[in-house]
$ cat final-v2.json   # JSON, C-alpha atoms
[["chain", "number", "residue", "atom", "x", "y", "z"],
["A", 22, "MET", "CA", 4.43, 44.36, 26.52],
["A", 23, "GLY", "CA", 0.79, 45.39, 26.93],
["A", 24, "GLU", "CA", -2.00, 43.56, 25.10],
["A", 25, "HIS", "CA", -2.60, 46.40, 22.63],
["A", 26, "ALA", "CA", 1.10, 46.82, 21.91],
["A", 27, "ALA", "CA", 1.52, 43.08, 21.46],
["A", 28, "ARG", "CA", -1.21, 43.01, 18.83],
["A", 29, "GLN", "CA", 0.19, 46.03, 16.99],
["A", 30, "THR", "CA", 3.57, 44.35, 16.54],
["A", 31, "GLY", "CA", 2.30, 40.90, 15.67],
["A", 32, "GLY", "CA", 2.94, 39.59, 19.19],
["A", 33, "THR", "CA", 0.50, 37.65, 21.35],
["A", 34, "PRO", "CA", -0.64, 38.58, 24.86],
["A", 35, "ALA", "CA", 0.44, 36.06, 27.50],
["A", 36, "GLY", "CA", -2.06, 33.28, 28.15],
["A", 37, "HIS", "CA", -3.79, 33.74, 24.79],
["A", 38, "ALA", "CA", -3.92, 31.52, 21.73],
["A", 39, "ARG", "CA", -1.19, 32.16, 19.18],
["A", 40, "ILE", "CA", -0.50, 31.26, 15.57],
["A", 41, "THR", "CA", 2.75, 29.31, 15.53],
["A", 42, "ALA", "CA", 3.01, 28.65, 11.79],
["A", 43, "SER", "CA", 1.24, 28.67, 8.45],
["A", 44, "VAL", "CA", 1.22, 25.68, 6.12],
["A", 45, "TYR", "CA", 0.40, 25.75, 2.40],
["A", 46, "THR", "CA", -0.33, 22.74, 0.23],
["A", 47, "SER", "CA", -2.25, 21.54, -2.79],
["A", 48, "HIS", "CA", -5.16, 19.19, -2.12],
["A", 49, "VAL", "CA", -5.32, 17.12, -5.31],
["A", 50, "PRO", "CA", -7.97, 14.35, -5.03],
["A", 51, "ALA", "CA", -5.72, 11.86, -6.86],
["A", 52, "ILE", "CA", -3.23, 12.16, -3.97],
["A", 53, "GLY", "CA", -5.94, 10.88, -1.64],
["A", 54, "ALA", "CA", -6.71, 8.04, -4.03],
["A", 55, "ALA", "CA", -3.02, 7.09, -4.17],
["A", 56, "ILE", "CA", -2.94, 6.93, -0.37],
["A", 57, "ASP", "CA", -6.20, 5.00, -0.08],
["A", 58, "LEU", "CA", -5.25, 2.48, -2.78],
["A", 59, "GLY", "CA", -1.70, 1.88, -1.50],
["A", 60, "LYS", "CA", 0.04, 3.43, -4.51],
["A", 61, "THR", "CA", 2.36, 5.83, -2.69],
["A", 62, "GLY", "CA", 5.39, 3.63, -3.42],
["A", 63, "GLU", "CA", 4.80, 3.55, -7.18],
["A", 64, "ASP", "CA", 7.33, 5.37, -9.36],
["A", 65, "TYR", "CA", 4.81, 8.03, -10.39],
["A", 66, "TRP", "CA", 3.95, 8.96, -6.80],
["A", 67, "LYS", "CA", 7.24, 8.42, -4.96],
["A", 68, "PRO", "CA", 8.74, 11.88, -5.65],
["A", 69, "LEU", "CA", 5.60, 13.65, -4.48],
["A", 70, "PHE", "CA", 5.29, 11.84, -1.16],
["A", 71, "ALA", "CA", 9.05, 12.12, -0.57],
["A", 72, "GLY", "CA", 8.66, 15.88, -0.75],
["A", 73, "TYR", "CA", 6.36, 15.82, 2.28],
["A", 74, "GLU", "CA", 8.56, 13.63, 4.49],
["A", 75, "PRO", "CA", 10.47, 16.64, 5.96],
["A", 76, "SER", "CA", 7.10, 18.24, 6.70],
["A", 77, "LYS", "CA", 5.84, 15.20, 8.57],
["A", 78, "GLN", "CA", 8.97, 15.26, 10.70],
["A", 79, "TRP", "CA", 8.58, 18.99, 11.33],
["A", 80, "MET", "CA", 4.95, 18.42, 12.28],
["A", 81, "ARG", "CA", 5.89, 15.75, 14.80],
["A", 82, "GLU", "CA", 8.21, 18.28, 16.44],
["A", 83, "ASN", "CA", 5.84, 21.25, 16.15],
["A", 84, "LYS", "CA", 2.38, 19.73, 16.55],
["A", 85, "PRO", "CA", -0.26, 22.37, 17.24],
["A", 86, "ASP", "CA", -3.34, 22.06, 19.40],
["A", 87, "VAL", "CA", -5.61, 23.28, 16.61],
["A", 88, "VAL", "CA", -5.36, 23.59, 12.84],
["A", 89, "PHE", "CA", -7.46, 26.33, 11.23],
["A", 90, "LEU", "CA", -7.76, 24.76, 7.78],
["A", 91, "VAL", "CA", -8.76, 26.91, 4.82],
["A", 92, "TYR", "CA", -10.08, 24.84, 1.91],
["A", 93, "ASN", "CA", -12.87, 24.77, -0.64],
["A", 94, "ASP", "CA", -15.75, 22.36, -0.70],
["A", 95, "HIS", "CA", -16.12, 20.62, -4.08],
["A", 96, "ALA", "CA", -19.93, 20.58, -4.37],
["A", 97, "THR", "CA", -20.11, 18.11, -1.48],
["A", 98, "SER", "CA", -21.63, 20.09, 1.39],
["A", 99, "PHE", "CA", -22.40, 23.19, -0.71],
["A", 100, "ASP", "CA", -23.93, 22.85, -4.16],
["A", 101, "LEU", "CA", -25.50, 25.46, -6.41],
["A", 102, "GLY", "CA", -28.44, 25.63, -4.02],
["A", 103, "VAL", "CA", -26.32, 27.38, -1.37],
["A", 104, "ILE", "CA", -22.98, 29.07, -2.12],
["A", 105, "PRO", "CA", -21.41, 30.73, 0.94],
["A", 106, "THR", "CA", -18.38, 32.88, 0.16],
["A", 107, "PHE", "CA", -16.79, 32.15, 3.56],
["A", 108, "ALA", "CA", -18.06, 29.44, 5.93],
["A", 109, "ILE", "CA", -16.67, 28.35, 9.30],
["A", 110, "GLY", "CA", -17.35, 24.90, 10.76],
["A", 111, "THR", "CA", -18.31, 25.23, 14.42],
["A", 112, "ALA", "CA", -19.32, 21.61, 15.15],
["A", 113, "ALA", "CA", -17.66, 19.18, 17.54],
["A", 114, "GLU", "CA", -16.87, 16.74, 14.73],
["A", 115, "PHE", "CA", -16.99, 16.44, 10.96],
["A", 116, "GLN", "CA", -17.41, 13.21, 9.01],
["A", 117, "PRO", "CA", -15.53, 12.48, 5.76],
["A", 118, "ALA", "CA", -17.82, 13.08, 2.79],
["A", 119, "ASP", "CA", -18.91, 10.63, 0.11],
["A", 120, "GLU", "CA", -17.61, 12.23, -3.10],
["A", 121, "GLY", "CA", -19.06, 9.53, -5.34],
["A", 122, "TYR", "CA", -16.89, 6.56, -4.37],
["A", 123, "GLY", "CA", -17.88, 6.29, -0.72],
["A", 124, "PRO", "CA", -16.26, 8.27, 2.13],
["A", 125, "ARG", "CA", -12.46, 8.17, 2.22],
["A", 126, "PRO", "CA", -11.09, 5.74, 4.85],
["A", 127, "VAL", "CA", -9.75, 8.52, 7.06],
["A", 128, "PRO", "CA", -10.58, 9.44, 10.66],
["A", 129, "LYS", "CA", -13.42, 11.79, 11.44],
["A", 130, "VAL", "CA", -12.27, 15.35, 12.07],
["A", 131, "ILE", "CA", -12.61, 16.61, 15.64],
["A", 132, "GLY", "CA", -13.47, 20.30, 15.83],
["A", 133, "HIS", "CA", -12.94, 23.00, 18.43],
["A", 134, "PRO", "CA", -16.40, 24.58, 18.80],
["A", 135, "GLU", "CA", -15.32, 27.10, 21.46],
["A", 136, "LEU", "CA", -12.46, 28.58, 19.45],
["A", 137, "ALA", "CA", -14.45, 28.38, 16.20],
["A", 138, "SER", "CA", -17.35, 30.28, 17.76],
["A", 139, "HIS", "CA", -14.97, 32.86, 19.17],
["A", 140, "ILE", "CA", -13.38, 33.37, 15.75],
["A", 141, "ALA", "CA", -16.80, 33.71, 14.13],
["A", 142, "GLN", "CA", -17.87, 36.31, 16.69],
["A", 143, "SER", "CA", -14.64, 38.28, 16.35],
["A", 144, "VAL", "CA", -14.35, 38.17, 12.57],
["A", 145, "ILE", "CA", -18.00, 39.08, 11.99],
["A", 146, "GLN", "CA", -17.54, 42.03, 14.37],
["A", 147, "GLN", "CA", -14.59, 43.02, 12.15],
["A", 148, "ASP", "CA", -17.11, 43.31, 9.28],
["A", 149, "PHE", "CA", -16.47, 40.00, 7.50],
["A", 150, "ASP", "CA", -19.69, 38.11, 6.81],
["A", 151, "LEU", "CA", -19.14, 34.44, 7.66],
["A", 152, "THR", "CA", -21.63, 31.62, 7.27],
["A", 153, "ILE", "CA", -21.69, 29.57, 10.47],
["A", 154, "VAL", "CA", -22.05, 25.85, 9.74],
["A", 155, "ASN", "CA", -22.98, 23.42, 12.51],
["A", 156, "GLU", "CA", -23.37, 20.39, 10.21],
["A", 157, "LEU", "CA", -20.62, 19.84, 7.67],
["A", 158, "GLN", "CA", -19.06, 16.90, 5.86],
["A", 159, "VAL", "CA", -15.47, 17.44, 4.74],
["A", 160, "ASP", "CA", -14.13, 16.32, 1.38],
["A", 161, "HIS", "CA", -10.66, 15.81, -0.11],
["A", 162, "GLY", "CA", -9.98, 19.55, 0.08],
["A", 163, "LEU", "CA", -9.50, 19.08, 3.82],
["A", 164, "THR", "CA", -8.60, 15.42, 4.25],
["A", 165, "VAL", "CA", -5.78, 15.21, 1.67],
["A", 166, "PRO", "CA", -3.73, 17.98, 3.37],
["A", 167, "MET", "CA", -4.26, 16.19, 6.69],
["A", 168, "ASN", "CA", -2.81, 12.98, 5.20],
["A", 169, "LEU", "CA", 0.14, 14.82, 3.67],
["A", 170, "LEU", "CA", 1.17, 16.40, 6.98],
["A", 171, "PHE", "CA", 0.09, 13.70, 9.47],
["A", 172, "GLY", "CA", 0.18, 10.47, 7.48],
["A", 173, "SER", "CA", -2.62, 7.93, 8.03],
["A", 174, "PRO", "CA", -3.17, 7.62, 11.79],
["A", 175, "GLU", "CA", -6.07, 5.91, 13.54],
["A", 176, "ALA", "CA", -7.18, 9.34, 14.77],
["A", 177, "TRP", "CA", -6.04, 12.81, 13.76],
["A", 178, "PRO", "CA", -3.63, 14.16, 16.41],
["A", 179, "VAL", "CA", -5.05, 17.70, 16.36],
["A", 180, "LYS", "CA", -8.39, 19.45, 16.45],
["A", 181, "VAL", "CA", -9.43, 21.16, 13.23],
["A", 182, "ILE", "CA", -11.57, 24.17, 12.40],
["A", 183, "PRO", "CA", -12.71, 23.82, 8.77],
["A", 184, "PHE", "CA", -12.97, 27.12, 6.89],
["A", 185, "HIS", "CA", -14.54, 26.93, 3.43],
["A", 186, "VAL", "CA", -13.98, 29.53, 0.71],
["A", 187, "ASN", "CA", -15.99, 29.63, -2.49],
["A", 188, "VAL", "CA", -13.50, 29.43, -5.36],
["A", 189, "VAL", "CA", -15.72, 27.29, -7.58],
["A", 190, "GLN", "CA", -18.72, 29.40, -8.58],
["A", 191, "TYR", "CA", -18.21, 33.02, -9.59],
["A", 192, "PRO", "CA", -18.22, 35.60, -8.07],
["A", 193, "VAL", "CA", -15.31, 34.51, -5.86],
["A", 194, "PRO", "CA", -13.49, 36.68, -3.29],
["A", 195, "SER", "CA", -10.46, 38.70, -4.33],
["A", 196, "GLY", "CA", -6.94, 38.03, -3.17],
["A", 197, "ALA", "CA", -6.99, 41.34, -1.32],
["A", 198, "ARG", "CA", -10.18, 40.39, 0.52],
["A", 199, "CYS", "CA", -8.70, 37.02, 1.49],
["A", 200, "PHE", "CA", -5.46, 38.63, 2.70],
["A", 201, "ALA", "CA", -7.41, 41.09, 4.86],
["A", 202, "LEU", "CA", -9.54, 38.22, 6.19],
["A", 203, "GLY", "CA", -6.38, 36.42, 7.30],
["A", 204, "GLN", "CA", -5.42, 39.47, 9.33],
["A", 205, "ALA", "CA", -8.84, 39.49, 10.98],
["A", 206, "ILE", "CA", -8.53, 35.78, 11.77],
["A", 207, "ARG", "CA", -5.13, 36.38, 13.42],
["A", 208, "ARG", "CA", -6.63, 39.09, 15.62],
["A", 209, "ALA", "CA", -9.50, 36.76, 16.51],
["A", 210, "ILE", "CA", -7.24, 33.84, 17.43],
["A", 211, "GLU", "CA", -4.88, 35.99, 19.48],
["A", 212, "SER", "CA", -7.79, 37.38, 21.49],
["A", 213, "TYR", "CA", -8.86, 33.88, 22.59],
["A", 214, "ASP", "CA", -8.12, 33.53, 26.29],
["A", 215, "GLU", "CA", -6.50, 30.08, 26.34],
["A", 216, "PRO", "CA", -2.83, 29.34, 25.54],
["A", 217, "LEU", "CA", -3.47, 27.21, 22.46],
["A", 218, "LYS", "CA", -0.93, 26.68, 19.70],
["A", 219, "VAL", "CA", -2.72, 27.21, 16.39],
["A", 220, "GLN", "CA", -1.54, 26.64, 12.84],
["A", 221, "ILE", "CA", -3.36, 28.15, 9.88],
["A", 222, "TRP", "CA", -3.30, 26.19, 6.63],
["A", 223, "GLY", "CA", -4.04, 27.47, 3.14],
["A", 224, "THR", "CA", -4.85, 24.71, 0.65],
["A", 225, "GLY", "CA", -5.68, 24.24, -3.03],
["A", 226, "GLY", "CA", -3.92, 24.98, -6.32],
["A", 227, "MET", "CA", -1.39, 25.37, -7.79],
["A", 228, "SER", "CA", -1.80, 25.90, -11.54],
["A", 229, "HIS", "CA", -4.32, 23.59, -13.14],
["A", 230, "GLN", "CA", -7.29, 23.64, -15.47],
["A", 231, "LEU", "CA", -9.76, 20.78, -15.56],
["A", 232, "GLN", "CA", -11.86, 21.59, -18.61],
["A", 233, "GLY", "CA", -11.99, 23.42, -21.93],
["A", 234, "PRO", "CA", -9.33, 23.90, -24.62],
["A", 235, "ARG", "CA", -6.63, 24.56, -22.01],
["A", 236, "ALA", "CA", -7.37, 21.48, -19.90],
["A", 237, "GLY", "CA", -4.12, 20.17, -18.41],
["A", 238, "LEU", "CA", -2.46, 23.59, -18.25],
["A", 239, "ILE", "CA", 0.44, 23.82, -15.78],
["A", 240, "ASN", "CA", 2.62, 26.94, -15.44],
["A", 241, "LYS", "CA", 5.70, 26.05, -13.38],
["A", 242, "GLU", "CA", 7.34, 29.45, -13.78],
["A", 243, "TRP", "CA", 4.26, 31.36, -12.58],
["A", 244, "ASP", "CA", 3.71, 28.95, -9.69],
["A", 245, "ASN", "CA", 7.24, 29.36, -8.38],
["A", 246, "LYS", "CA", 7.05, 33.14, -8.72],
["A", 247, "PHE", "CA", 3.85, 32.95, -6.67],
["A", 248, "LEU", "CA", 5.72, 31.02, -3.95],
["A", 249, "ASP", "CA", 8.55, 33.59, -4.00],
["A", 250, "ARG", "CA", 6.11, 36.47, -3.61],
["A", 251, "LEU", "CA", 3.99, 34.71, -0.99],
["A", 252, "ILE", "CA", 7.09, 34.47, 1.18],
["A", 253, "ALA", "CA", 8.63, 37.88, 0.48],
["A", 254, "GLU", "CA", 5.89, 40.31, -0.58],
["A", 255, "PRO", "CA", 2.45, 38.96, 0.30],
["A", 256, "ALA", "CA", 0.74, 42.36, 0.44],
["A", 257, "GLU", "CA", 1.73, 43.06, -3.16],
["A", 258, "LEU", "CA", 0.81, 39.53, -4.22],
["A", 259, "ALA", "CA", -2.64, 40.06, -2.74],
["A", 260, "LYS", "CA", -3.27, 42.77, -5.35],
["A", 261, "VAL", "CA", -3.07, 40.32, -8.26],
["A", 262, "PRO", "CA", -6.48, 40.36, -10.03],
["A", 263, "HIS", "CA", -8.58, 37.28, -10.76],
["A", 264, "ILE", "CA", -7.90, 37.47, -14.48],
["A", 265, "GLU", "CA", -4.18, 36.88, -13.93],
["A", 266, "TYR", "CA", -4.84, 33.69, -11.96],
["A", 267, "VAL", "CA", -7.13, 32.42, -14.70],
["A", 268, "ARG", "CA", -4.83, 33.45, -17.56],
["A", 269, "GLU", "CA", -1.56, 32.24, -16.04],
["A", 270, "ALA", "CA", -2.59, 29.41, -13.70],
["A", 271, "GLY", "CA", -5.75, 28.06, -15.31],
["A", 272, "SER", "CA", -9.38, 28.27, -14.25],
["A", 273, "GLU", "CA", -8.77, 26.28, -11.06],
["A", 274, "GLY", "CA", -5.62, 28.25, -10.20],
["A", 275, "ILE", "CA", -7.91, 30.75, -8.47],
["A", 276, "GLU", "CA", -7.83, 28.37, -5.49],
["A", 277, "LEU", "CA", -4.54, 30.05, -4.58],
["A", 278, "VAL", "CA", -6.37, 33.04, -3.08],
["A", 279, "MET", "CA", -7.00, 30.73, -0.12],
["A", 280, "TRP", "CA", -3.25, 30.70, 0.55],
["A", 281, "LEU", "CA", -3.47, 34.46, 1.05],
["A", 282, "ILE", "CA", -5.81, 33.95, 4.03],
["A", 283, "ALA", "CA", -3.14, 31.88, 5.77],
["A", 284, "ARG", "CA", -0.38, 34.32, 4.80],
["A", 285, "GLY", "CA", -2.39, 37.30, 6.04],
["A", 286, "ALA", "CA", -2.52, 35.69, 9.49],
["A", 287, "MET", "CA", 1.25, 35.76, 9.94],
["A", 288, "ALA", "CA", 2.86, 38.15, 12.43],
["A", 289, "ASP", "CA", 5.01, 40.08, 9.93],
["A", 290, "VAL", "CA", 1.91, 41.41, 8.20],
["A", 291, "ALA", "CA", 1.08, 43.20, 11.47],
["A", 292, "GLY", "CA", 4.61, 44.56, 11.91],
["A", 293, "GLY", "CA", 6.24, 41.56, 13.54],
["A", 294, "PRO", "CA", 9.37, 39.73, 12.39],
["A", 295, "ALA", "CA", 9.51, 37.91, 9.07],
["A", 296, "PRO", "CA", 8.53, 34.24, 9.22],
["A", 297, "LYS", "CA", 11.12, 31.48, 8.95],
["A", 298, "LEU", "CA", 10.88, 29.29, 5.86],
["A", 299, "LYS", "CA", 11.10, 25.71, 7.16],
["A", 300, "HIS", "CA", 10.29, 23.77, 3.99],
["A", 301, "ARG", "CA", 9.51, 24.47, 0.34],
["A", 302, "PHE", "CA", 8.51, 21.86, -2.22],
["A", 303, "PHE", "CA", 7.17, 21.95, -5.78],
["A", 304, "HIS", "CA", 6.30, 19.00, -7.99],
["A", 305, "VAL", "CA", 4.59, 18.40, -11.33],
["A", 306, "PRO", "CA", 2.41, 16.74, -12.09],
["A", 307, "ALA", "CA", 0.09, 15.07, -9.63],
["A", 308, "SER", "CA", -2.71, 13.93, -11.86],
["A", 309, "ASN", "CA", -3.03, 17.14, -13.95],
["A", 310, "THR", "CA", -2.08, 19.61, -11.23],
["A", 311, "ALA", "CA", 1.07, 21.38, -10.10],
["A", 312, "VAL", "CA", 1.70, 20.69, -6.41],
["A", 313, "GLY", "CA", 3.19, 23.38, -4.17],
["A", 314, "HIS", "CA", 3.98, 23.30, -0.47],
["A", 315, "LEU", "CA", 5.43, 25.73, 2.09],
["A", 316, "ILE", "CA", 5.84, 25.85, 5.86],
["A", 317, "LEU", "CA", 6.39, 29.28, 7.44],
["A", 318, "GLU", "CA", 7.05, 29.58, 11.17],
["A", 319, "ASN", "CA", 5.96, 32.69, 13.04]]

$ encode --input "final-v2.json" --output "structure tokens"
Amino acid sequence: MGEHAARQTGGTPAGHARITASVYTSHVPAIGAAIDLGKTGEDYWKPLFAGYEPSKQWMRENKPDVVFLVYNDHATSFDLGVIPTFAIGTAAEFQPADEGYGPRPVPKVIGHPELASHIAQSVIQQDFDLTIVNELQVDHGLTVPMNLLFGSPEAWPVKVIPFHVNVVQYPVPSGARCFALGQAIRRAIESYDEPLKVQIWGTGGMSHQLQGPRAGLINKEWDNKFLDRLIAEPAELAKVPHIEYVREAGSEGIELVMWLIARGAMADVAGGPAPKLKHRFFHVPASNTAVGHLILEN
């Protein structure tokens, strides 16, 4: 199969990087606190962490070289002074951020500057405006998913490219824009001339609202319908307007548009075969948030 034909059908040219899977998970800060404070065995937390045990096993058997991790910064590296819509971390390493209680006791994140720079070049040339960030501290939005999939090792076993999306301060990007961005990221990764195995992770959500009269809102039915549609009809799901996320999943439910970036990077969106569902998990509550998790193999 020629390089052009491979790309058109969701395949990858020989010798190039390829996306092997997409992973989706909530990134609730209380999960990180439970890990850090040794509370994972308590009755409240046991069911949640048990739901990730199959994923840890899968990850040991399918460890990538690089994780492209889509998350949102929580006013740690980006405050109201600077609000990038999309920002890619291109540094060699990223330190855990102090979110008010000192940095989490997790390893520093090792980046992949060469691949990150290549993705930035490619995606910007595909008309997506990315902010390139050479100094970045990463908060629970990135480190909690790493714990959930890799446990608590002395050093993270993969390199990570942090990719921040503004879902905190309006205006925020649409689901359709995020889904199209995922497609551009797939094309960028598959044009990188090194046979790396790459996973793309979408994090955040699911339904939750942290303030106002509806604080504590969780919508299990809507969340599970979202998971169904993310698997089976992502292009249609990408058309859902912001107001539906806010109405049905709470003000912070808009974080779920980040999952559409990861889903847009899967081969079936470009005409390839449907992904294989390897694990699905849903749990409420974790703190005041619904937790969702999927693994889809390309």

$ closest_residue --input "final-v2.json" --among "A:Gly172, A:Gly203, A:Gly196, A:Pro117" --to "Val144 (chain A)" --atoms "all atoms listed in the file"
A:Gly203

$ closest_residue --input "final-v2.json" --among "A:Arg207, A:Gly274, A:Leu151, A:Leu157" --to "Phe247 (chain A)" --atoms "all atoms listed in the file"
A:Gly274

$ residues_around --input "final-v2.json" --residues "Phe200 (chain A)" --least-positions-apart "6" --cutoff "12 Å" --atoms "only C-alpha atoms" --output "number ranges by chain"
A: 194, 206-207, 223, 251, 254-261, 277-287, 290-291

$ residues_around --input "final-v2.json" --residues "region 131-135 of chain A" --least-positions-apart "3" --cutoff "12 Å" --atoms "all atoms listed in the file" --output "ChimeraX atom specification"
/A:86-90,109-117,128,138-142,153-159,176-184,210,213-215,217,219

$ closest_atom_pairs --input "final-v2.json" --of "region 26-70 of chain A" --to "region 303-307 of chain A" --cutoff "9 Å" --atoms "all atoms listed in the file" --output "Markdown table"
| residue | atom | partner | partner_atom | distance |
| --- | --- | --- | --- | --- |
| A:Val49 | CA | A:Ala307 | CA | 7.2 |
| A:Ala51 | CA | A:Ala307 | CA | 7.2 |
| A:Ile52 | CA | A:Ala307 | CA | 7.2 |
| A:Tyr65 | CA | A:Ala307 | CA | 8.5 |
| A:Trp66 | CA | A:Ala307 | CA | 7.8 |
| A:Pro68 | CA | A:His304 | CA | 7.9 |
| A:Leu69 | CA | A:His304 | CA | 6.4 |

$ residues_around --input "final-v2.json" --residues "Gln78 (chain A)" --least-positions-apart "5" --cutoff "9 Å" --atoms "all atoms listed in the file" --output "number ranges by chain"
A: 73, 83, 170

$ write_last_selection --input "final-v2.json" --atoms "C-alpha atoms" --output "mmCIF file, in the frame of the given file"
data_model
loop_
_atom_site.group_PDB
_atom_site.id
_atom_site.type_symbol
_atom_site.label_atom_id
_atom_site.label_comp_id
_atom_site.auth_asym_id
_atom_site.auth_seq_id
_atom_site.Cartn_x
_atom_site.Cartn_y
_atom_site.Cartn_z
ATOM 1 C CA TYR A 73 6.360 15.820 2.280
ATOM 2 C CA ASN A 83 5.840 21.250 16.150
ATOM 3 C CA LEU A 170 1.170 16.400 6.980
#

$ atom_distance --input "final-v2.json" --atom1 "CA of Lys246 (chain A)" --atom2 "CA of Phe171 (chain A)"
27.5 Å

$ closest_residue --input "final-v2.json" --among "A:Asn319, A:Asn187, A:Gln232, A:Asn245" --to "Phe99 (chain A)" --atoms "all atoms listed in the file"
A:Asn187

$ residues_around --input "final-v2.json" --residues "Gly271 (chain A)" --least-positions-apart "2" --cutoff "8 Å" --atoms "all atoms listed in the file" --output "MDAnalysis selection string"
chainID A and resid 228:230 235 238:239 266:269 273:275
